[in-house]
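Q: Sending over final24.cif (mmCIF, C-alpha atoms).
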data_input
loop_
_atom_site.group_PDB
_atom_site.id
_atom_site.type_symbol
_atom_site.label_atom_id
_atom_site.label_comp_id
_atom_site.auth_asym_id
_atom_site.auth_seq_id
_atom_site.Cartn_x
_atom_site.Cartn_y
_atom_site.Cartn_z
ATOM 1 C CA MET K 1 0.000 0.000 0.000
ATOM 2 C CA ASN K 2 1.321 3.446 -0.913
ATOM 3 C CA THR K 3 0.182 6.611 0.770
ATOM 4 C CA VAL K 4 1.552 9.896 -0.524
ATOM 5 C CA PHE K 5 1.476 13.192 1.338
ATOM 6 C CA HIS K 6 2.247 16.303 -0.727
ATOM 7 C CA LEU K 7 3.398 19.143 1.517
ATOM 8 C CA ASN K 8 4.567 22.659 0.724
ATOM 9 C CA SER K 9 7.359 22.555 3.283
ATOM 10 C CA ALA K 10 8.744 20.513 6.150
ATOM 11 C CA SER K 11 6.938 22.800 8.570
ATOM 12 C CA ASP K 12 3.655 21.361 7.233
ATOM 13 C CA VAL K 13 4.451 17.999 8.847
ATOM 14 C CA SER K 14 2.081 18.243 11.769
ATOM 15 C CA GLN K 15 1.532 16.003 14.725
ATOM 16 C CA GLU K 16 -1.837 15.183 13.148
ATOM 17 C CA ILE K 17 -0.135 13.722 10.070
ATOM 18 C CA LEU K 18 2.245 11.695 12.203
ATOM 19 C CA ASP K 19 -0.649 10.421 14.342
ATOM 20 C CA SER K 20 -2.527 9.428 11.163
ATOM 21 C CA ILE K 21 0.469 7.469 9.901
ATOM 22 C CA LYS K 22 0.775 5.711 13.241
ATOM 23 C CA LEU K 23 -2.957 4.886 13.258
ATOM 24 C CA ILE K 24 -3.010 3.583 9.677
ATOM 25 C CA PHE K 25 0.153 1.481 9.810
ATOM 26 C CA GLN K 26 0.310 0.684 13.545
ATOM 27 C CA THR K 27 3.038 -1.937 14.056
ATOM 28 C CA ARG K 28 3.699 -2.695 10.379
ATOM 29 C CA PRO K 29 7.080 -1.634 9.012
ATOM 30 C CA ILE K 30 7.036 1.561 6.937
ATOM 31 C CA THR K 31 9.514 3.548 4.879
ATOM 32 C CA ILE K 32 9.390 7.319 4.737
ATOM 33 C CA VAL K 33 10.982 8.933 1.677
ATOM 34 C CA VAL K 34 11.580 12.672 1.517
ATOM 35 C CA GLU K 35 12.041 14.170 -1.944
ATOM 36 C CA ASP K 36 13.249 17.681 -2.566
ATOM 37 C CA SER K 37 11.132 18.995 -5.412
ATOM 38 C CA ILE K 38 13.445 21.907 -6.215
ATOM 39 C CA GLU K 39 15.628 21.157 -9.204
ATOM 40 C CA GLU K 40 19.216 22.187 -8.778
ATOM 41 C CA LEU K 41 20.083 24.884 -11.277
ATOM 42 C CA PRO K 42 23.661 25.373 -12.451
ATOM 43 C CA ASP K 43 25.605 27.990 -10.508
ATOM 44 C CA ALA K 44 27.641 30.757 -12.162
ATOM 45 C CA GLU K 45 30.789 28.616 -12.414
ATOM 46 C CA GLN K 46 28.881 25.711 -14.015
ATOM 47 C CA LYS K 47 27.179 28.106 -16.449
ATOM 48 C CA ALA K 48 30.576 29.531 -17.453
ATOM 49 C CA ILE K 49 31.907 26.015 -18.113
ATOM 50 C CA LEU K 50 28.839 25.151 -20.185
ATOM 51 C CA ASP K 51 29.133 28.407 -22.134
ATOM 52 C CA SER K 52 32.807 27.746 -22.904
ATOM 53 C CA ARG K 53 32.004 24.184 -23.980
ATOM 54 C CA MET K 54 29.317 25.519 -26.316
ATOM 55 C CA GLN K 55 31.995 27.631 -28.047
ATOM 56 C CA GLU K 56 34.204 24.628 -28.837
ATOM 57 C CA PRO K 57 34.507 23.680 -32.504
ATOM 58 C CA ASP K 58 32.127 20.930 -33.619
ATOM 59 C CA GLN K 59 35.018 18.661 -34.649
ATOM 60 C CA HIS K 60 35.940 18.346 -30.942
ATOM 61 C CA TYR K 61 32.436 17.098 -30.123
ATOM 62 C CA LEU K 62 32.027 13.492 -28.980
ATOM 63 C CA SER K 63 28.621 11.861 -29.050
ATOM 64 C CA ALA K 64 27.407 10.006 -25.977
ATOM 65 C CA GLU K 65 27.813 6.728 -27.861
ATOM 66 C CA LYS K 66 31.426 7.522 -28.777
ATOM 67 C CA SER K 67 32.216 8.607 -25.200
ATOM 68 C CA ILE K 68 30.825 5.348 -23.844
ATOM 69 C CA GLU K 69 32.753 3.348 -26.428
ATOM 70 C CA LEU K 70 36.034 5.042 -25.436
ATOM 71 C CA LEU K 71 35.328 4.490 -21.717
ATOM 72 C CA ARG K 72 34.604 0.812 -22.351
ATOM 73 C CA LYS K 73 37.861 0.408 -24.267
ATOM 74 C CA LYS K 74 39.891 2.246 -21.631
ATOM 75 C CA TYR K 75 38.345 0.731 -18.495
ATOM 76 C CA GLY K 76 36.911 -2.529 -19.787
ATOM 77 C CA ILE K 77 33.367 -1.816 -18.721
#
Can you give me the file's structure in the form of structure tokens?

A:
Amino acid sequence: MNTVFHLNSASDVSQEILDSIKLIFQTRPITIVVEDSIEELPDAEQKAILDSRMQEPDQHYLSAEKSIELLRKKYGI
């Protein structure tokens, strides 16, 4: 059984919610997962790196497939 609580912030976790969880699940084992819904945006340094990479000549570009192939050859994975 899955029960999902969507809250705006950690301060919304009230004693009432905790009591409800205890009442519903009683002595059964449960797992509580906390997800941060804010996506991490690149900081100024990361943006500068991305911008410089975007300026590289196309002939230096490696596709994901080629990168994986080279890693497999080098590390045997």

Q: Using only C-alpha atoms, which residue out of K:Val33, K:Phe5, K:Glu65, K:Leu71 lies closest to Ile17 in chain K?

A: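 Of all the options, K:Phe5 lies closest to Ile17 in chain K.
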
Q: Given all atoms listed in the file as the basis, pick out the residue of K:Leu62, K:Ile49, K:Ile77, K:Leu7 nearest to Asp36 in chain K.

A: K:Leu7

Q: Can you pull out the residues contacting Phe25 in chain K? Cut-off 10 Å, using only C-alpha atoms, and skip same-chain residues under 5 positions away; I want them as a PyMOL selection string.

A: chain K and resi 1+20+30

Q: So that I can check the surroundings of Asn8 in chain K, please list as a PyMOL selection string every protein, DNA and RNA residue that reaches within 10 Å of it, counting only C-alpha atoms and ignoring chain neighbours fewer than 4 positions away.

A: chain K and resi 12-13+37

Q: Quick one: of K:Ser52, K:Ser9, K:Ser63, K:Asn2, who's nearest to Val34 in chain K, counting only C-alpha atoms?

A: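 Counting only C-alpha atoms, the residue closest to Val34 in chain K is K:Ser9.
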
Q: Box along x, y and z, 8 Å on every side, all listed atoms of range 53-72 of chain K inside: centre and edge lengths in Å to one decimal, as AutoDock Vina command-line options.

A:
--center_x 31.7 --center_y 14.2 --center_z -28.2 --size_x 24.6 --size_y 42.8 --size_z 28.9

Q: Between CA of Val4 in chain K and CA of Thr27 in chain K, measure the distance and give it in Å to one decimal.

A: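 Here the two named atoms are 18.8 Å from each other.
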
Q: What does the distance from CA of Gln55 in chain K to CA of Pro42 in chain K come to in Å, to one decimal?

A: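 Separation of CA of Gln55 in chain K and CA of Pro42 in chain K: 17.8 Å.
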
Q: Any idea what the distance is between CA of Ile68 in chain K and CA of Met54 in chain K?

A: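 These atoms are spaced 20.4 Å apart.
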
Q: Write out N, CA and C atoms for range 23-50 of chain K, as a short mmCIF file (atom, residue, chain, number, x, y, z; two decimals), keeping the file's coordinate frame.

A:
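New file selection-v3.cif:
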data_model
loop_
_atom_site.label_atom_id
_atom_site.label_comp_id
_atom_site.auth_asym_id
_atom_site.auth_seq_id
_atom_site.Cartn_x
_atom_site.Cartn_y
_atom_site.Cartn_z
N LEU K 23 -1.67 5.56 13.19
CA LEU K 23 -2.96 4.89 13.26
C LEU K 23 -3.16 3.93 12.08
N ILE K 24 -2.80 4.40 10.89
CA ILE K 24 -3.01 3.58 9.68
C ILE K 24 -2.10 2.36 9.67
N PHE K 25 -0.82 2.55 9.98
CA PHE K 25 0.15 1.48 9.81
C PHE K 25 0.46 0.72 11.09
N GLN K 26 0.13 1.29 12.22
CA GLN K 26 0.31 0.68 13.54
C GLN K 26 1.67 0.04 13.69
N THR K 27 1.75 -1.27 13.79
CA THR K 27 3.04 -1.94 14.06
C THR K 27 3.72 -2.46 12.79
N ARG K 28 3.09 -2.23 11.63
CA ARG K 28 3.70 -2.70 10.38
C ARG K 28 4.91 -1.83 10.03
N PRO K 29 5.91 -2.43 9.41
CA PRO K 29 7.08 -1.63 9.01
C PRO K 29 6.69 -0.64 7.91
N ILE K 30 7.27 0.54 7.96
CA ILE K 30 7.04 1.56 6.94
C ILE K 30 8.37 2.16 6.52
N THR K 31 8.36 2.80 5.36
CA THR K 31 9.51 3.55 4.88
C THR K 31 9.03 4.95 4.55
N ILE K 32 9.73 5.93 5.04
CA ILE K 32 9.39 7.32 4.74
C ILE K 32 10.47 7.88 3.82
N VAL K 33 10.06 8.38 2.66
CA VAL K 33 10.98 8.93 1.68
C VAL K 33 10.69 10.42 1.55
N VAL K 34 11.73 11.23 1.66
CA VAL K 34 11.58 12.67 1.52
C VAL K 34 12.26 13.08 0.22
N GLU K 35 11.49 13.71 -0.67
CA GLU K 35 12.04 14.17 -1.94
C GLU K 35 12.06 15.69 -1.96
N ASP K 36 13.15 16.24 -2.40
CA ASP K 36 13.25 17.68 -2.57
C ASP K 36 12.77 18.00 -3.97
N SER K 37 11.72 18.76 -4.09
CA SER K 37 11.13 19.00 -5.41
C SER K 37 11.78 20.15 -6.16
N ILE K 38 12.76 20.81 -5.54
CA ILE K 38 13.44 21.91 -6.22
C ILE K 38 14.59 21.34 -7.05
N GLU K 39 14.55 21.61 -8.34
CA GLU K 39 15.63 21.16 -9.20
C GLU K 39 16.84 22.05 -9.00
N GLU K 40 17.99 21.42 -8.94
CA GLU K 40 19.22 22.19 -8.78
C GLU K 40 19.57 22.85 -10.11
N LEU K 41 19.70 24.15 -10.08
CA LEU K 41 20.08 24.88 -11.28
C LEU K 41 21.59 25.08 -11.26
N PRO K 42 22.21 25.17 -12.43
CA PRO K 42 23.66 25.37 -12.45
C PRO K 42 24.03 26.72 -11.84
N ASP K 43 25.13 26.73 -11.09
CA ASP K 43 25.60 27.99 -10.51
C ASP K 43 26.41 28.74 -11.57
N ALA K 44 26.93 29.91 -11.20
CA ALA K 44 27.64 30.76 -12.16
C ALA K 44 28.85 30.05 -12.76
N GLU K 45 29.60 29.32 -11.92
CA GLU K 45 30.79 28.62 -12.41
C GLU K 45 30.39 27.53 -13.42
N GLN K 46 29.34 26.77 -13.11
CA GLN K 46 28.88 25.71 -14.02
C GLN K 46 28.37 26.31 -15.33
N LYS K 47 27.67 27.44 -15.23
CA LYS K 47 27.18 28.11 -16.45
C LYS K 47 28.35 28.56 -17.32
N ALA K 48 29.40 29.09 -16.70
CA ALA K 48 30.58 29.53 -17.45
C ALA K 48 31.24 28.36 -18.17
N ILE K 49 31.32 27.21 -17.49
CA ILE K 49 31.91 26.02 -18.11
C ILE K 49 31.05 25.58 -19.30
N LEU K 50 29.73 25.54 -19.09
CA LEU K 50 28.84 25.15 -20.18
C LEU K 50 28.95 26.11 -21.36
#
